$ cat my_file_15.cif   # mmCIF, C-alpha atoms and all ligand atoms
data_model
#
loop_
_atom_site.group_PDB
_atom_site.id
_atom_site.type_symbol
_atom_site.label_atom_id
_atom_site.label_comp_id
_atom_site.auth_asym_id
_atom_site.auth_seq_id
_atom_site.Cartn_x
_atom_site.Cartn_y
_atom_site.Cartn_z
ATOM 1 C CA MET C 27 32.759 -22.377 4.738
ATOM 2 C CA LEU C 28 28.993 -22.281 4.215
ATOM 3 C CA ARG C 29 28.312 -20.116 1.187
ATOM 4 C CA THR C 30 25.001 -18.298 1.673
ATOM 5 C CA VAL C 31 22.909 -16.033 -0.510
ATOM 6 C CA VAL C 32 20.459 -13.821 1.392
ATOM 7 C CA LEU C 33 17.213 -12.770 -0.299
ATOM 8 C CA VAL C 34 15.552 -9.589 0.968
ATOM 9 C CA SER C 35 12.746 -7.176 0.098
ATOM 10 C CA GLY C 36 12.801 -4.396 2.683
ATOM 11 C CA GLY C 37 14.597 -2.977 5.689
ATOM 12 C CA GLY C 38 16.987 -5.862 6.113
ATOM 13 C CA THR C 39 17.246 -5.952 9.904
ATOM 14 C CA ASN C 40 17.479 -9.761 9.777
ATOM 15 C CA LEU C 41 20.242 -9.458 7.178
ATOM 16 C CA GLN C 42 21.963 -7.018 9.552
ATOM 17 C CA ALA C 43 21.704 -9.534 12.396
ATOM 18 C CA ILE C 44 23.496 -12.122 10.223
ATOM 19 C CA ILE C 45 26.168 -9.603 9.154
ATOM 20 C CA ASP C 46 26.711 -8.596 12.806
ATOM 21 C CA ARG C 47 27.026 -12.186 14.064
ATOM 22 C CA ILE C 48 29.555 -12.968 11.313
ATOM 23 C CA GLY C 49 31.360 -9.741 12.282
ATOM 24 C CA ASP C 50 31.570 -10.553 15.997
ATOM 25 C CA GLY C 51 32.627 -14.138 15.352
ATOM 26 C CA THR C 52 29.477 -15.808 16.735
ATOM 27 C CA LEU C 53 28.572 -17.077 13.286
ATOM 28 C CA LYS C 54 31.628 -19.012 12.201
ATOM 29 C CA ASP C 55 32.460 -20.624 8.858
ATOM 30 C CA VAL C 56 29.658 -18.717 7.112
ATOM 31 C CA GLU C 57 30.002 -16.195 4.296
ATOM 32 C CA ILE C 58 27.377 -14.099 2.527
ATOM 33 C CA ALA C 59 28.284 -14.434 -1.149
ATOM 34 C CA CYS C 60 25.541 -12.092 -2.304
ATOM 35 C CA VAL C 61 22.430 -10.220 -1.173
ATOM 36 C CA LEU C 62 19.641 -10.278 -3.717
ATOM 37 C CA SER C 63 16.523 -8.085 -3.589
ATOM 38 C CA ASN C 64 13.382 -7.939 -5.705
ATOM 39 C CA ASN C 65 12.986 -4.302 -4.682
ATOM 40 C CA PRO C 66 15.516 -1.712 -5.913
ATOM 41 C CA GLY C 67 14.615 0.606 -3.011
ATOM 42 C CA ALA C 68 15.222 -1.982 -0.283
ATOM 43 C CA TYR C 69 17.382 -0.535 2.493
ATOM 44 C CA ALA C 70 18.782 -4.070 2.854
ATOM 45 C CA LEU C 71 20.813 -3.409 -0.331
ATOM 46 C CA THR C 72 22.483 -0.426 1.366
ATOM 47 C CA ARG C 73 23.227 -2.575 4.428
ATOM 48 C CA ALA C 74 24.907 -5.132 2.140
ATOM 49 C CA LYS C 75 26.968 -2.474 0.359
ATOM 50 C CA ASN C 76 28.004 -0.935 3.708
ATOM 51 C CA ALA C 77 29.278 -4.359 4.756
ATOM 52 C CA GLY C 78 31.153 -4.849 1.478
ATOM 53 C CA ILE C 79 28.862 -7.666 0.337
ATOM 54 C CA PRO C 80 27.928 -7.919 -3.363
ATOM 55 C CA ALA C 81 24.307 -6.822 -3.730
ATOM 56 C CA LEU C 82 21.984 -6.965 -6.691
ATOM 57 C CA CYS C 83 18.360 -6.442 -7.596
ATOM 58 C CA LEU C 84 16.159 -8.650 -9.749
ATOM 59 C CA SER C 85 12.809 -6.928 -10.042
ATOM 60 C CA PRO C 86 9.769 -8.722 -11.507
ATOM 61 C CA LYS C 87 8.900 -5.341 -13.054
ATOM 62 C CA ASP C 88 11.900 -5.661 -15.378
ATOM 63 C CA TYR C 89 10.519 -8.883 -16.917
ATOM 64 C CA GLU C 90 7.665 -9.324 -19.368
ATOM 65 C CA THR C 91 6.050 -12.115 -17.401
ATOM 66 C CA ARG C 92 6.341 -13.725 -13.988
ATOM 67 C CA GLU C 93 7.705 -16.861 -15.720
ATOM 68 C CA ARG C 94 10.609 -14.867 -17.203
ATOM 69 C CA PHE C 95 11.355 -13.397 -13.756
ATOM 70 C CA ASN C 96 11.229 -16.868 -12.172
ATOM 71 C CA GLU C 97 13.651 -18.197 -14.807
ATOM 72 C CA ALA C 98 16.032 -15.276 -14.230
ATOM 73 C CA LEU C 99 15.907 -15.813 -10.458
ATOM 74 C CA LEU C 100 16.698 -19.519 -10.873
ATOM 75 C CA ARG C 101 19.549 -18.766 -13.291
ATOM 76 C CA LYS C 102 21.067 -16.179 -10.966
ATOM 77 C CA LEU C 103 20.869 -18.502 -7.957
ATOM 78 C CA GLN C 104 22.416 -21.368 -9.922
ATOM 79 C CA GLU C 105 25.209 -19.034 -11.023
ATOM 80 C CA LEU C 106 25.851 -18.030 -7.402
ATOM 81 C CA SER C 107 25.861 -21.702 -6.418
ATOM 82 C CA PRO C 108 25.049 -21.258 -2.708
ATOM 83 C CA ASP C 109 25.113 -23.995 -0.062
ATOM 84 C CA LEU C 110 22.223 -22.204 1.641
ATOM 85 C CA ILE C 111 19.652 -19.621 0.534
ATOM 86 C CA VAL C 112 18.302 -17.484 3.371
ATOM 87 C CA LEU C 113 14.955 -15.745 2.944
ATOM 88 C CA ALA C 114 15.301 -12.780 5.311
ATOM 89 C CA GLY C 115 12.076 -10.871 4.730
ATOM 90 C CA PHE C 116 11.850 -11.855 1.055
ATOM 91 C CA LEU C 117 8.226 -11.200 0.209
ATOM 92 C CA VAL C 118 8.126 -12.947 -3.186
ATOM 93 C CA ALA C 119 6.744 -16.473 -3.588
ATOM 94 C CA ILE C 120 9.669 -18.779 -4.313
ATOM 95 C CA PRO C 121 9.089 -20.476 -7.687
ATOM 96 C CA GLU C 122 8.748 -24.262 -7.570
ATOM 97 C CA ALA C 123 11.696 -24.662 -9.940
ATOM 98 C CA VAL C 124 13.925 -22.892 -7.382
ATOM 99 C CA ILE C 125 12.659 -25.125 -4.577
ATOM 100 C CA ARG C 126 13.341 -28.214 -6.722
ATOM 101 C CA ALA C 127 16.829 -26.956 -7.617
ATOM 102 C CA PHE C 128 17.727 -26.338 -3.941
ATOM 103 C CA PRO C 129 15.903 -28.997 -1.909
ATOM 104 C CA MET C 130 16.209 -28.342 1.855
ATOM 105 C CA LYS C 131 18.783 -25.679 1.066
ATOM 106 C CA ILE C 132 16.409 -22.746 1.509
ATOM 107 C CA ILE C 133 15.395 -21.418 4.924
ATOM 108 C CA ASN C 134 12.895 -18.714 5.832
ATOM 109 C CA ILE C 135 12.265 -16.567 8.892
ATOM 110 C CA HIS C 136 8.577 -16.070 9.693
ATOM 111 C CA PRO C 137 7.332 -13.679 12.394
ATOM 112 C CA SER C 138 4.970 -16.051 14.252
ATOM 113 C CA LEU C 139 4.968 -19.441 15.901
ATOM 114 C CA ILE C 140 4.093 -21.636 12.898
ATOM 115 C CA PRO C 141 1.487 -23.127 12.370
ATOM 116 C CA SER C 142 -0.234 -20.039 13.815
ATOM 117 C CA PHE C 143 -0.585 -16.926 11.657
ATOM 118 C CA CYS C 144 1.168 -18.241 8.574
ATOM 119 C CA GLY C 145 0.385 -19.197 4.976
ATOM 120 C CA LYS C 146 -1.176 -17.104 2.236
ATOM 121 C CA GLY C 147 -1.536 -13.408 3.110
ATOM 122 C CA TYR C 148 0.477 -13.651 6.342
ATOM 123 C CA TYR C 149 3.613 -11.575 5.934
ATOM 124 C CA GLY C 150 5.267 -8.611 7.614
ATOM 125 C CA LEU C 151 3.038 -6.409 9.763
ATOM 126 C CA LYS C 152 -0.119 -8.343 8.784
ATOM 127 C CA VAL C 153 1.027 -11.300 10.893
ATOM 128 C CA HIS C 154 1.161 -9.128 14.009
ATOM 129 C CA GLU C 155 -2.166 -7.407 13.248
ATOM 130 C CA LYS C 156 -3.819 -10.845 13.023
ATOM 131 C CA ALA C 157 -2.200 -12.058 16.239
ATOM 132 C CA LEU C 158 -3.463 -8.968 18.097
ATOM 133 C CA GLU C 159 -6.943 -9.286 16.532
ATOM 134 C CA ARG C 160 -7.130 -12.886 17.772
ATOM 135 C CA GLY C 161 -5.942 -11.820 21.190
ATOM 136 C CA VAL C 162 -3.194 -14.410 21.618
ATOM 137 C CA LYS C 163 -0.968 -13.839 24.633
ATOM 138 C CA VAL C 164 2.158 -15.399 23.169
ATOM 139 C CA THR C 165 3.600 -15.142 19.672
ATOM 140 C CA GLY C 166 7.152 -15.471 18.363
ATOM 141 C CA ALA C 167 9.185 -16.386 15.320
ATOM 142 C CA THR C 168 10.062 -19.526 13.369
ATOM 143 C CA VAL C 169 12.945 -20.515 11.117
ATOM 144 C CA HIS C 170 11.993 -23.334 8.772
ATOM 145 C CA PHE C 171 13.122 -25.060 5.601
ATOM 146 C CA VAL C 172 11.176 -24.043 2.511
ATOM 147 C CA ASP C 173 9.211 -26.729 0.696
ATOM 148 C CA GLU C 174 6.533 -26.485 -2.032
ATOM 149 C CA GLY C 175 3.874 -25.311 0.445
ATOM 150 C CA MET C 176 3.463 -21.912 2.131
ATOM 151 C CA ASP C 177 5.348 -21.813 5.451
ATOM 152 C CA SER C 178 4.897 -25.602 5.616
ATOM 153 C CA GLY C 179 8.483 -26.915 5.581
ATOM 154 C CA PRO C 180 10.291 -28.585 8.495
ATOM 155 C CA ILE C 181 10.755 -26.264 11.482
ATOM 156 C CA ILE C 182 14.345 -25.665 12.611
ATOM 157 C CA LEU C 183 14.009 -23.191 15.503
ATOM 158 C CA GLN C 184 11.226 -21.273 17.225
ATOM 159 C CA LYS C 185 11.222 -18.672 19.981
ATOM 160 C CA ALA C 186 8.234 -17.398 21.916
ATOM 161 C CA VAL C 187 7.530 -13.748 22.761
ATOM 162 C CA GLU C 188 4.922 -12.573 25.275
ATOM 163 C CA ILE C 189 2.350 -10.016 24.141
ATOM 164 C CA PRO C 190 1.674 -7.270 26.685
ATOM 165 C CA ASP C 191 -1.776 -5.641 26.771
ATOM 166 C CA GLY C 192 -2.225 -2.507 24.657
ATOM 167 C CA ILE C 193 0.761 -3.029 22.338
ATOM 168 C CA THR C 194 0.418 -1.829 18.715
ATOM 169 C CA PRO C 195 1.164 -4.060 15.696
ATOM 170 C CA GLN C 196 4.256 -1.955 14.969
ATOM 171 C CA GLU C 197 5.521 -2.313 18.537
ATOM 172 C CA LEU C 198 4.841 -6.038 18.465
ATOM 173 C CA GLN C 199 6.740 -6.385 15.180
ATOM 174 C CA GLN C 200 9.777 -4.691 16.758
ATOM 175 C CA LYS C 201 9.496 -6.816 19.924
ATOM 176 C CA VAL C 202 9.338 -10.066 17.929
ATOM 177 C CA MET C 203 12.319 -9.036 15.812
ATOM 178 C CA LYS C 204 14.421 -8.028 18.815
ATOM 179 C CA GLU C 205 13.494 -10.906 21.135
ATOM 180 C CA ALA C 206 13.232 -13.685 18.563
ATOM 181 C CA GLU C 207 14.043 -13.153 14.869
ATOM 182 C CA TRP C 208 17.470 -11.531 15.203
ATOM 183 C CA LEU C 209 18.517 -14.356 17.534
ATOM 184 C CA ILE C 210 17.141 -17.483 15.908
ATOM 185 C CA LEU C 211 17.981 -16.707 12.268
ATOM 186 C CA PRO C 212 21.769 -16.435 12.826
ATOM 187 C CA ARG C 213 21.549 -19.384 15.257
ATOM 188 C CA ALA C 214 19.800 -21.584 12.674
ATOM 189 C CA ILE C 215 22.425 -20.691 10.049
ATOM 190 C CA SER C 216 25.165 -21.538 12.540
ATOM 191 C CA LEU C 217 23.564 -24.923 13.310
ATOM 192 C CA ILE C 218 23.326 -25.692 9.589
ATOM 193 C CA ALA C 219 26.966 -24.646 9.089
ATOM 194 C CA GLN C 220 27.933 -27.072 11.853
ATOM 195 C CA GLY C 221 25.920 -29.849 10.186
ATOM 196 C CA ARG C 222 23.757 -30.175 13.299
ATOM 197 C CA VAL C 223 20.306 -29.836 11.743
ATOM 198 C CA VAL C 224 19.151 -33.379 11.086
ATOM 199 C CA LEU C 225 16.103 -33.854 8.897
ATOM 200 C CA SER C 226 13.720 -36.698 9.452
ATOM 201 C CA GLY C 227 10.701 -36.491 7.175
ATOM 202 C CA LYS C 228 8.693 -33.382 8.062
ATOM 203 C CA THR C 229 10.630 -32.648 11.240
ATOM 204 C CA THR C 230 14.177 -31.811 12.290
ATOM 205 C CA ARG C 231 16.264 -32.416 15.366
ATOM 206 C CA ILE C 232 19.368 -30.598 16.512
ATOM 207 C CA ALA C 233 22.329 -32.920 16.937
ATOM 208 C CA PRO C 234 24.433 -32.258 20.052
HETATM 209 C C1 LIG X 1 10.570 -9.845 9.212
HETATM 210 O O1 LIG X 1 9.733 -9.605 10.320
HETATM 211 C C2 LIG X 1 10.343 -11.237 8.671
HETATM 212 O O2 LIG X 1 10.062 -12.179 9.665
HETATM 213 C C3 LIG X 1 9.139 -11.010 7.795
HETATM 214 O O3 LIG X 1 9.410 -9.779 7.154
HETATM 215 C C4 LIG X 1 10.182 -8.955 8.043
HETATM 216 C C5 LIG X 1 11.386 -8.442 7.303
HETATM 217 O O4 LIG X 1 12.102 -7.512 8.080
HETATM 218 N N1 LIG X 1 8.940 -12.097 6.865
HETATM 219 C C6 LIG X 1 7.736 -12.577 6.543
HETATM 220 O O5 LIG X 1 6.704 -12.103 6.948
HETATM 221 C C7 LIG X 1 7.769 -13.789 5.606
HETATM 222 N N2 LIG X 1 6.484 -14.396 5.537
HETATM 223 P P1 LIG X 1 13.600 -7.120 7.763
HETATM 224 O O6 LIG X 1 13.666 -6.737 6.279
HETATM 225 O O7 LIG X 1 13.885 -5.939 8.647
HETATM 226 O O8 LIG X 1 14.485 -8.295 8.077
#
$ encode --input "my_file_15.cif" --output "structure tokens"
Amino acid sequence: MLRTVVLVSGGGTNLQAIIDRIGDGTLKDVEIACVLSNNPGAYALTRAKNAGIPALCLSPKDYETRERFNEALLRKLQELSPDLIVLAGFLVAIPEAVIRAFPMKIINIHPSLIPSFCGKGYYGLKVHEKALERGVKVTGATVHFVDEGMDSGPIILQKAVEIPDGITPQELQQKVMKEAEWLILPRAISLIAQGRVVLSGKTTRIAP
């Protein structure tokens, strides 16, 4: 059983996709041990509670400094002792100490085809606004391992989504979630649970 901890900040539709795939049996041998949010108002926490999954909030606002928050986050994750940490719309920079403590055990979903529209300042709706501003005709989503850089770790899965003329950033965000994110995040977790994601330096391959 792959023991996962899912980190969230907002609506939690990606968390819901994971919960649903575990529920319908598509995602086998995977359990969500805990859902952790930095934001007490995150609807993702309600989704976790509705599914009977332990949920907790660690807010930077409750700590004197960012360092204290980072230490608390590391301590909590070590306590939970996950095999895999899933960043499902977690909009807090992961402290280096956490990355060092869980090397290649943290994955992130990003709403573009990395290396386009990623890195500092590219998160949530902003990614889609930038894609539309640039006028690209295809975008998508990426699941990747988290390393010390910003959206720079080895890519596990990507899925492309076509951009129709006249679409709004909000509509594009929904389209990318529906056609890409909610599919490839559970699929990547499943591949990891099956031991099929093989790392080789900065790249991965999927074993048959
Ligand atoms: C998702 O679109 C996810 O890809 C994005 O935040 C959204 C969270 O939605 N993450 C990033 O932009 C990370 N750089 P959700 O809470 O409904 O899953």
$ closest_atom_pairs --input "my_file_15.cif" --of "chain C" --to "ligand LIG 1 (chain X)" --cutoff "7 Å" --atoms "all atoms listed in the file" --output "Markdown table"
| residue | atom | partner | partner_atom | distance |
| --- | --- | --- | --- | --- |
| C:Val34 | CA | X:LIG1 | O6 | 6.3 |
| C:Ser35 | CA | X:LIG1 | O6 | 6.3 |
| C:Gly36 | CA | X:LIG1 | O6 | 4.4 |
| C:Gly37 | CA | X:LIG1 | O6 | 3.9 |
| C:Gly38 | CA | X:LIG1 | O6 | 3.4 |
| C:Thr39 | CA | X:LIG1 | O7 | 3.6 |
| C:Asn40 | CA | X:LIG1 | O8 | 3.7 |
| C:Leu41 | CA | X:LIG1 | O8 | 5.9 |
| C:Ala70 | CA | X:LIG1 | O6 | 6.7 |
| C:Ala114 | CA | X:LIG1 | O8 | 5.3 |
| C:Gly115 | CA | X:LIG1 | C5 | 3.6 |
| C:Phe116 | CA | X:LIG1 | C7 | 6.4 |
| C:Leu117 | CA | X:LIG1 | C7 | 6.0 |
| C:Ile135 | CA | X:LIG1 | O2 | 5.0 |
| C:His136 | CA | X:LIG1 | O2 | 4.2 |
| C:Pro137 | CA | X:LIG1 | O2 | 4.1 |
| C:Tyr148 | CA | X:LIG1 | N2 | 6.1 |
| C:Tyr149 | CA | X:LIG1 | O5 | 3.3 |
| C:Gly150 | CA | X:LIG1 | O5 | 3.8 |
| C:Val153 | CA | X:LIG1 | O5 | 7.0 |
| C:Gln199 | CA | X:LIG1 | O1 | 6.6 |
| C:Met203 | CA | X:LIG1 | O1 | 6.1 |
| C:Glu207 | CA | X:LIG1 | O2 | 6.6 |
$ atom_distance --input "my_file_15.cif" --atom1 "CA of Gln220 (chain C)" --atom2 "CA of Lys131 (chain C)"
14.2 Å
$ resolve_selection --input "my_file_15.cif" --expression "the PyMOL selection byres (((chain C and resi 181-186) around 7) and not hetatm)" --output "list in words"
Leu139, Val164, Thr165, Gly166, Ala167, Thr168, Val169, His170, Phe171, Gly179, Pro180, Val187, Glu188, Ala206, Ile210, Ala214, Thr229 and Thr230 of chain C
$ closest_atom_pairs --input "my_file_15.cif" --of "region 80-124 of chain C" --to "region 62-69 of chain C" --cutoff "10 Å" --atoms "all atoms listed in the file" --output "tab-separated table"
residue	atom	partner	partner_atom	distance
C:Pro80	CA	C:Leu62	CA	8.6
C:Ala81	CA	C:Leu62	CA	5.8
C:Leu82	CA	C:Leu62	CA	5.0
C:Cys83	CA	C:Ser63	CA	4.7
C:Leu84	CA	C:Asn64	CA	5.0
C:Ser85	CA	C:Asn64	CA	4.5
C:Pro86	CA	C:Asn64	CA	6.9
C:Lys87	CA	C:Asn64	CA	9.0
C:Phe95	CA	C:Asn64	CA	9.9
C:Leu99	CA	C:Leu62	CA	9.5
C:Lys102	CA	C:Leu62	CA	9.5
C:Leu103	CA	C:Leu62	CA	9.3
C:Leu113	CA	C:Leu62	CA	9.8
C:Gly115	CA	C:Ser63	CA	9.8
C:Phe116	CA	C:Ser63	CA	7.6
C:Leu117	CA	C:Asn64	CA	8.5
C:Val118	CA	C:Asn64	CA	7.7
$ atom_distance --input "my_file_15.cif" --atom1 "CA of Ile44 (chain C)" --atom2 "CA of Ile111 (chain C)"
12.8 Å
$ residues_around --input "my_file_15.cif" --residues "Asp109 (chain C)" --least-positions-apart "4" --cutoff "12 Å" --atoms "only C-alpha atoms" --output "JSON, numbers by chain"
{"C": [27, 28, 29, 30, 31, 32, 56, 57, 58, 59, 103, 104, 127, 128, 129, 130, 131, 132, 133, 215, 218, 219, 221]}
$ atom_distance --input "my_file_15.cif" --atom1 "CA of Ala43 (chain C)" --atom2 "CA of Gly78 (chain C)"
15.2 Å
$ closest_residue --input "my_file_15.cif" --among "C:Val172, C:Leu209, C:Cys60, C:Val223" --to "Leu106 (chain C)" --atoms "only C-alpha atoms"
C:Cys60
$ residues_around --input "my_file_15.cif" --residues "Ala233 (chain C)" --least-positions-apart "2" --cutoff "8 Å" --atoms "all atoms listed in the file" --output "PDB file with C-alpha atoms, in the coordinates of the input"
ATOM      1  CA  ARG C 222      23.757 -30.175  13.299  1.00  0.00           C
ATOM      2  CA  VAL C 223      20.306 -29.836  11.743  1.00  0.00           C
ATOM      3  CA  VAL C 224      19.151 -33.379  11.086  1.00  0.00           C
ATOM      4  CA  ARG C 231      16.264 -32.416  15.366  1.00  0.00           C
TER       5      ARG C 231
END
$ closest_residue --input "my_file_15.cif" --among "C:Pro212, C:Met176, C:Ile79, C:Thr194" --to "Asp50 (chain C)" --atoms "all atoms listed in the file"
C:Pro212
$ closest_residue --input "my_file_15.cif" --among "C:Ser178, C:Ser107, C:Gln200, C:Asn134" --to "Leu151 (chain C)" --atoms "all atoms listed in the file"
C:Gln200
$ axis_aligned_box --input "my_file_15.cif" --around "region 151-158 of chain C" --padding-each-side "6 Å" --output "lines of an AutoDock Vina configuration file"
center_x = -0.4
center_y = -9.2
center_z = 13.4
size_x = 18.9
size_y = 17.6
size_z = 21.3
$ closest_residue --input "my_file_15.cif" --among "C:Ile125, C:Ile193, C:Ala119, C:Leu100" --to "Gly145 (chain C)" --atoms "all atoms listed in the file"
C:Ala119
$ decode --input "my_file_15.cif" --residues "region 219-228 of chain C" --atoms "all heavy atoms" --output "PDB file, in the first residue's frame"
ATOM      1  N   ALA C 219       2.768   3.775  -7.587  1.00  0.00           N
ATOM      2  CA  ALA C 219       2.382   2.670  -6.696  1.00  0.00           C
ATOM      3  C   ALA C 219       2.786   1.320  -7.283  1.00  0.00           C
ATOM      4  O   ALA C 219       3.130   0.391  -6.552  1.00  0.00           O
ATOM      5  CB  ALA C 219       0.873   2.712  -6.441  1.00  0.00           C
ATOM      6  N   GLN C 220       2.751   1.247  -8.615  1.00  0.00           N
ATOM      7  CA  GLN C 220       3.128  -0.015  -9.283  1.00  0.00           C
ATOM      8  C   GLN C 220       4.642  -0.123  -9.494  1.00  0.00           C
ATOM      9  O   GLN C 220       5.111  -1.091 -10.097  1.00  0.00           O
ATOM     10  CB  GLN C 220       2.445  -0.099 -10.655  1.00  0.00           C
ATOM     11  CG  GLN C 220       0.945  -0.222 -10.618  1.00  0.00           C
ATOM     12  CD  GLN C 220       0.350  -0.033 -12.022  1.00  0.00           C
ATOM     13  OE1 GLN C 220       0.688  -0.731 -12.965  1.00  0.00           O
ATOM     14  NE2 GLN C 220      -0.524   0.942 -12.151  1.00  0.00           N
ATOM     15  N   GLY C 221       5.376   0.894  -9.050  1.00  0.00           N
ATOM     16  CA  GLY C 221       6.835   0.874  -9.208  1.00  0.00           C
ATOM     17  C   GLY C 221       7.280   1.002 -10.660  1.00  0.00           C
ATOM     18  O   GLY C 221       8.353   0.544 -11.038  1.00  0.00           O
ATOM     19  N   ARG C 222       6.432   1.669 -11.483  1.00  0.00           N
ATOM     20  CA  ARG C 222       6.730   1.701 -12.920  1.00  0.00           C
ATOM     21  C   ARG C 222       7.377   2.998 -13.387  1.00  0.00           C
ATOM     22  O   ARG C 222       7.689   3.138 -14.564  1.00  0.00           O
ATOM     23  CB  ARG C 222       5.449   1.433 -13.709  1.00  0.00           C
ATOM     24  CG  ARG C 222       4.992  -0.022 -13.568  1.00  0.00           C
ATOM     25  CD  ARG C 222       3.652  -0.256 -14.238  1.00  0.00           C
ATOM     26  NE  ARG C 222       3.668   0.123 -15.635  1.00  0.00           N
ATOM     27  CZ  ARG C 222       2.569   0.370 -16.355  1.00  0.00           C
ATOM     28  NH1 ARG C 222       1.380   0.270 -15.784  1.00  0.00           N
ATOM     29  NH2 ARG C 222       2.652   0.701 -17.615  1.00  0.00           N
ATOM     30  N   VAL C 223       7.554   3.947 -12.454  1.00  0.00           N
ATOM     31  CA  VAL C 223       8.209   5.203 -12.858  1.00  0.00           C
ATOM     32  C   VAL C 223       9.703   5.067 -12.562  1.00  0.00           C
ATOM     33  O   VAL C 223      10.122   5.017 -11.410  1.00  0.00           O
ATOM     34  CB  VAL C 223       7.598   6.415 -12.127  1.00  0.00           C
ATOM     35  CG1 VAL C 223       8.319   7.691 -12.537  1.00  0.00           C
ATOM     36  CG2 VAL C 223       6.110   6.518 -12.413  1.00  0.00           C
ATOM     37  N   VAL C 224      10.479   4.985 -13.636  1.00  0.00           N
ATOM     38  CA  VAL C 224      11.909   4.739 -13.499  1.00  0.00           C
ATOM     39  C   VAL C 224      12.662   6.041 -13.767  1.00  0.00           C
ATOM     40  O   VAL C 224      12.533   6.636 -14.838  1.00  0.00           O
ATOM     41  CB  VAL C 224      12.373   3.650 -14.501  1.00  0.00           C
ATOM     42  CG1 VAL C 224      13.852   3.333 -14.295  1.00  0.00           C
ATOM     43  CG2 VAL C 224      11.518   2.402 -14.356  1.00  0.00           C
ATOM     44  N   LEU C 225      13.425   6.448 -12.767  1.00  0.00           N
ATOM     45  CA  LEU C 225      14.181   7.701 -12.886  1.00  0.00           C
ATOM     46  C   LEU C 225      15.517   7.435 -13.537  1.00  0.00           C
ATOM     47  O   LEU C 225      16.191   6.459 -13.211  1.00  0.00           O
ATOM     48  CB  LEU C 225      14.460   8.226 -11.481  1.00  0.00           C
ATOM     49  CG  LEU C 225      13.647   9.376 -10.958  1.00  0.00           C
ATOM     50  CD1 LEU C 225      13.967   9.592  -9.500  1.00  0.00           C
ATOM     51  CD2 LEU C 225      13.891  10.649 -11.757  1.00  0.00           C
ATOM     52  N   SER C 226      15.896   8.345 -14.436  1.00  0.00           N
ATOM     53  CA  SER C 226      17.261   8.263 -14.951  1.00  0.00           C
ATOM     54  C   SER C 226      17.745   9.693 -15.129  1.00  0.00           C
ATOM     55  O   SER C 226      17.387  10.376 -16.082  1.00  0.00           O
ATOM     56  CB  SER C 226      17.259   7.416 -16.218  1.00  0.00           C
ATOM     57  OG  SER C 226      17.864   8.028 -17.272  1.00  0.00           O
ATOM     58  N   GLY C 227      18.490  10.147 -14.117  1.00  0.00           N
ATOM     59  CA  GLY C 227      18.967  11.536 -14.102  1.00  0.00           C
ATOM     60  C   GLY C 227      17.806  12.500 -14.037  1.00  0.00           C
ATOM     61  O   GLY C 227      16.988  12.438 -13.114  1.00  0.00           O
ATOM     62  N   LYS C 228      17.694  13.386 -15.034  1.00  0.00           N
ATOM     63  CA  LYS C 228      16.658  14.414 -15.036  1.00  0.00           C
ATOM     64  C   LYS C 228      15.383  13.965 -15.752  1.00  0.00           C
ATOM     65  O   LYS C 228      14.462  14.754 -15.949  1.00  0.00           O
ATOM     66  CB  LYS C 228      17.203  15.682 -15.728  1.00  0.00           C
ATOM     67  CG  LYS C 228      18.138  16.499 -14.873  1.00  0.00           C
ATOM     68  CD  LYS C 228      17.398  17.229 -13.741  1.00  0.00           C
ATOM     69  CE  LYS C 228      16.616  18.425 -14.275  1.00  0.00           C
ATOM     70  NZ  LYS C 228      15.797  19.062 -13.218  1.00  0.00           N
TER      71      LYS C 228
END
